[in-house]
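Report on the following structure.
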Amino acid sequence: MRILKMITMLKKRKKRLEIKGKKREKGKRRKQQKRRKKRELTDITLIQSFIHLRYVDLSDNLLRDLSPLAGLTHLLWLKVDGNQLTSASMEELPYLQIASFASNHLKDTTGINHPRLTSINLKGNEIEIISGLDPAKLSNLYSLELRNNSLKSTAGICLPKLKNLYLAQNSITQIEGLEDLGQLTTIHLRDNQLETLDGFSESLKSLQYLNLRGNAIDQLQEVTKLQVLPMLRALVLLDNPCSDEGDYRMEVLVMLPRLERLDKDFYEEEERAEAEEIRQRRREEELELEREREREKELELEQEQEMEDATLEEAPE
């Protein structure tokens with residue numbers, strides 16, 4: 001009897017577990033169906049009725065038009081990643097602070113004019129040129145994310161309050177137009193096509209972190225062009241041809257004595273002392289070369305004078 005009872009109990013338990021399993025599967029299917037339905041959203045006209053919304057996430061749909069959001073004048077946060085948008089242009093939203101348009105099909109940066117915007121994410125689009133970013137309208141913008149686009153240049157970024165600039169995974173070959181970014185502290189330029197480091201200037205007086213990993217910088221001497229950056233403390237040069245040179249780590253510190261970290265590692269005091277010795281020795285060698293050149297010039301002048309004197313003596317009276 002006990003055995004029969006145990007068998008019956010086991011059968012019931014098994015049946016309950018099967019029922020639970022089926023319910024879980026049904027629940028998963030419903031959730032998947034809901035997700036699929038959510039991702040097929042093409043029209044957001046109904047959102048116009050909810051004028052007091054402050055946070056809106058419309059990611060992973062099929063949206064091409066955001067004009068219904070124009071009436072949401074209390075909006076603080078907007079995320080529309082993974083849609084079919086070809087432009088980030090919208091009516092001005094007076095309180096919008098954070099916006100993300102990642103993984104769409106944006107062609108440019110025009111039409112972004114929200115006065116309280118502090119951070120905007122435009123990564124994973126098809127932007128080739130930065131244009132239309134008005135510093136008067138974007139006076140509070142401190143973070144600009146443009147990774148994984150099709151940029152060939154850094155021109156077009158005239159945002160004096162900008163602090164963080166992310167330009168990795170583009171096709172940038174030229175650094176230009178950064179002269180107005182006096183408050184910039186961070187630039188990510190990883191995985192681009194830079195061969196030289198022209199374009200950095202002393203006006204980038206706040207720049208502390210510069211990531212140049214995975215570019216095409218062949219000559220280590222290009223690093224001397226970063227001496228104009230007074231606050232630079234961290235530099236990443238991994239996966240550039242120049243990082244394969246012998247004494248690469250020490251040579252960078254010799255050229256940039258204020259640097260605290262190269263790639264992943266901080267400099268030790270012993271390395272700093274050695275770098276200072278190398279700099280001192282090279283200064284002395286340069287001074288000696290300069291003196292030698294001066295002596296050669298003096299000798300040339302003496303020889304020229306002697307030749308002139310000899311010519312005058314030989315001339316008939």
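Please note that chains go A, B, ... in the order of the structure tokens, that every chain numbers its residues from 1, and that ligands are numbered from 1 in the order shown.
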
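Within the 8 Å cut-off around Glu176 in chain A, using only C-alpha atoms and omitting residues fewer than 5 positions from it on the same chain, the listed residues are Ser153, Thr154, Ala155, Gly199 and Phe200 of chain A.
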
With all heavy atoms kept, could you save the residues just selected as a compact mmCIF listing (two decimals), in the first residue's frame?
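Ended up saving to result-v3.txt:
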# COMPACT_ATOMS: atom_id res chain seq x y z
N SER A 153 36.90 62.87 -40.76
CA SER A 153 37.56 64.02 -40.14
C SER A 153 36.84 64.37 -38.85
O SER A 153 35.69 63.98 -38.63
CB SER A 153 37.52 65.21 -41.11
OG SER A 153 37.83 66.42 -40.45
N THR A 154 37.54 65.12 -38.00
CA THR A 154 36.93 65.58 -36.74
C THR A 154 36.35 66.98 -36.86
O THR A 154 35.92 67.56 -35.86
CB THR A 154 37.98 65.57 -35.61
OG1 THR A 154 39.06 66.44 -35.96
CG2 THR A 154 38.52 64.17 -35.37
N ALA A 155 36.35 67.55 -38.06
CA ALA A 155 35.85 68.91 -38.26
C ALA A 155 34.36 69.01 -37.94
O ALA A 155 33.61 68.04 -38.11
CB ALA A 155 36.10 69.36 -39.69
N GLY A 199 47.20 68.39 -35.80
CA GLY A 199 45.84 68.84 -35.49
C GLY A 199 45.56 69.07 -34.03
O GLY A 199 44.57 69.70 -33.67
N PHE A 200 46.43 68.55 -33.15
CA PHE A 200 46.28 68.83 -31.73
C PHE A 200 46.94 70.17 -31.43
O PHE A 200 48.01 70.47 -31.96
CB PHE A 200 46.92 67.74 -30.88
CG PHE A 200 46.19 66.43 -30.95
CD1 PHE A 200 46.64 65.42 -31.78
CD2 PHE A 200 45.05 66.22 -30.20
CE1 PHE A 200 45.98 64.21 -31.86
CE2 PHE A 200 44.37 65.00 -30.27
CZ PHE A 200 44.83 64.00 -31.11

| task | Write out as number ranges by chain which residues come within 9 Å of Gln227 in chain A when counting only C-alpha atoms, dropping same-chain ones fewer than 5 positions away. | result | A: 202, 232, 255-256

| query | Hey, what's within 12 Å of Gln219 in chain A if we count only C-alpha atoms and toss same-chain stuff fewer than 6 positions away? As a PyMOL selection string, please? | reply | chain A and resi 194-197+225+237+240-245+248+251-252

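Distances from A:Arg147, A:Lys107, A:Arg54, A:His114 to Leu78 in chain A were compared using only C-alpha atoms, and the smallest one belongs to A:Arg54.
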
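The coordinates place CA of Arg283 in chain A at 21.0 Å from CA of Lys297 in chain A.
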
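Here the question is which of A:Ile157, A:Leu41, A:Ala216, A:Leu46 gets nearest to Arg64 in chain A using only C-alpha atoms, and that residue is A:Leu41.
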
Could you pull out all residues of range 131-182 of chain A with a DSSP call of strand (DSSP E) and give them as a compact mmCIF listing (two decimals) with N, CA, C and O atoms, in the first residue's frame?
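Listing of result_30.txt after writing:
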# COMPACT_ATOMS: atom_id res chain seq x y z
N SER A 143 28.84 65.56 -23.43
CA SER A 143 29.23 64.24 -23.91
C SER A 143 28.63 63.99 -25.30
O SER A 143 27.41 64.07 -25.47
N LEU A 144 29.51 63.69 -26.26
CA LEU A 144 29.08 63.43 -27.63
C LEU A 144 29.63 62.08 -28.06
O LEU A 144 30.83 61.87 -28.13
N GLU A 145 28.72 61.15 -28.35
CA GLU A 145 29.08 59.78 -28.72
C GLU A 145 28.84 59.56 -30.22
O GLU A 145 27.71 59.62 -30.69
N ASN A 164 33.57 65.12 -23.05
CA ASN A 164 33.86 63.76 -23.49
C ASN A 164 33.47 63.60 -24.96
O ASN A 164 32.32 63.86 -25.33
N LEU A 165 34.43 63.14 -25.77
CA LEU A 165 34.20 63.00 -27.21
C LEU A 165 34.62 61.59 -27.63
O LEU A 165 35.79 61.20 -27.48
N TYR A 166 33.66 60.82 -28.17
CA TYR A 166 33.90 59.42 -28.53
C TYR A 166 33.78 59.27 -30.05
O TYR A 166 32.70 59.38 -30.61

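Rounded to one decimal, CA of Glu268 in chain A and CA of Asp191 in chain A lie 28.1 Å from each other.
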
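Separating CA of Ser89 in chain A from CA of Ile112 in chain A is a distance of 5.6 Å.
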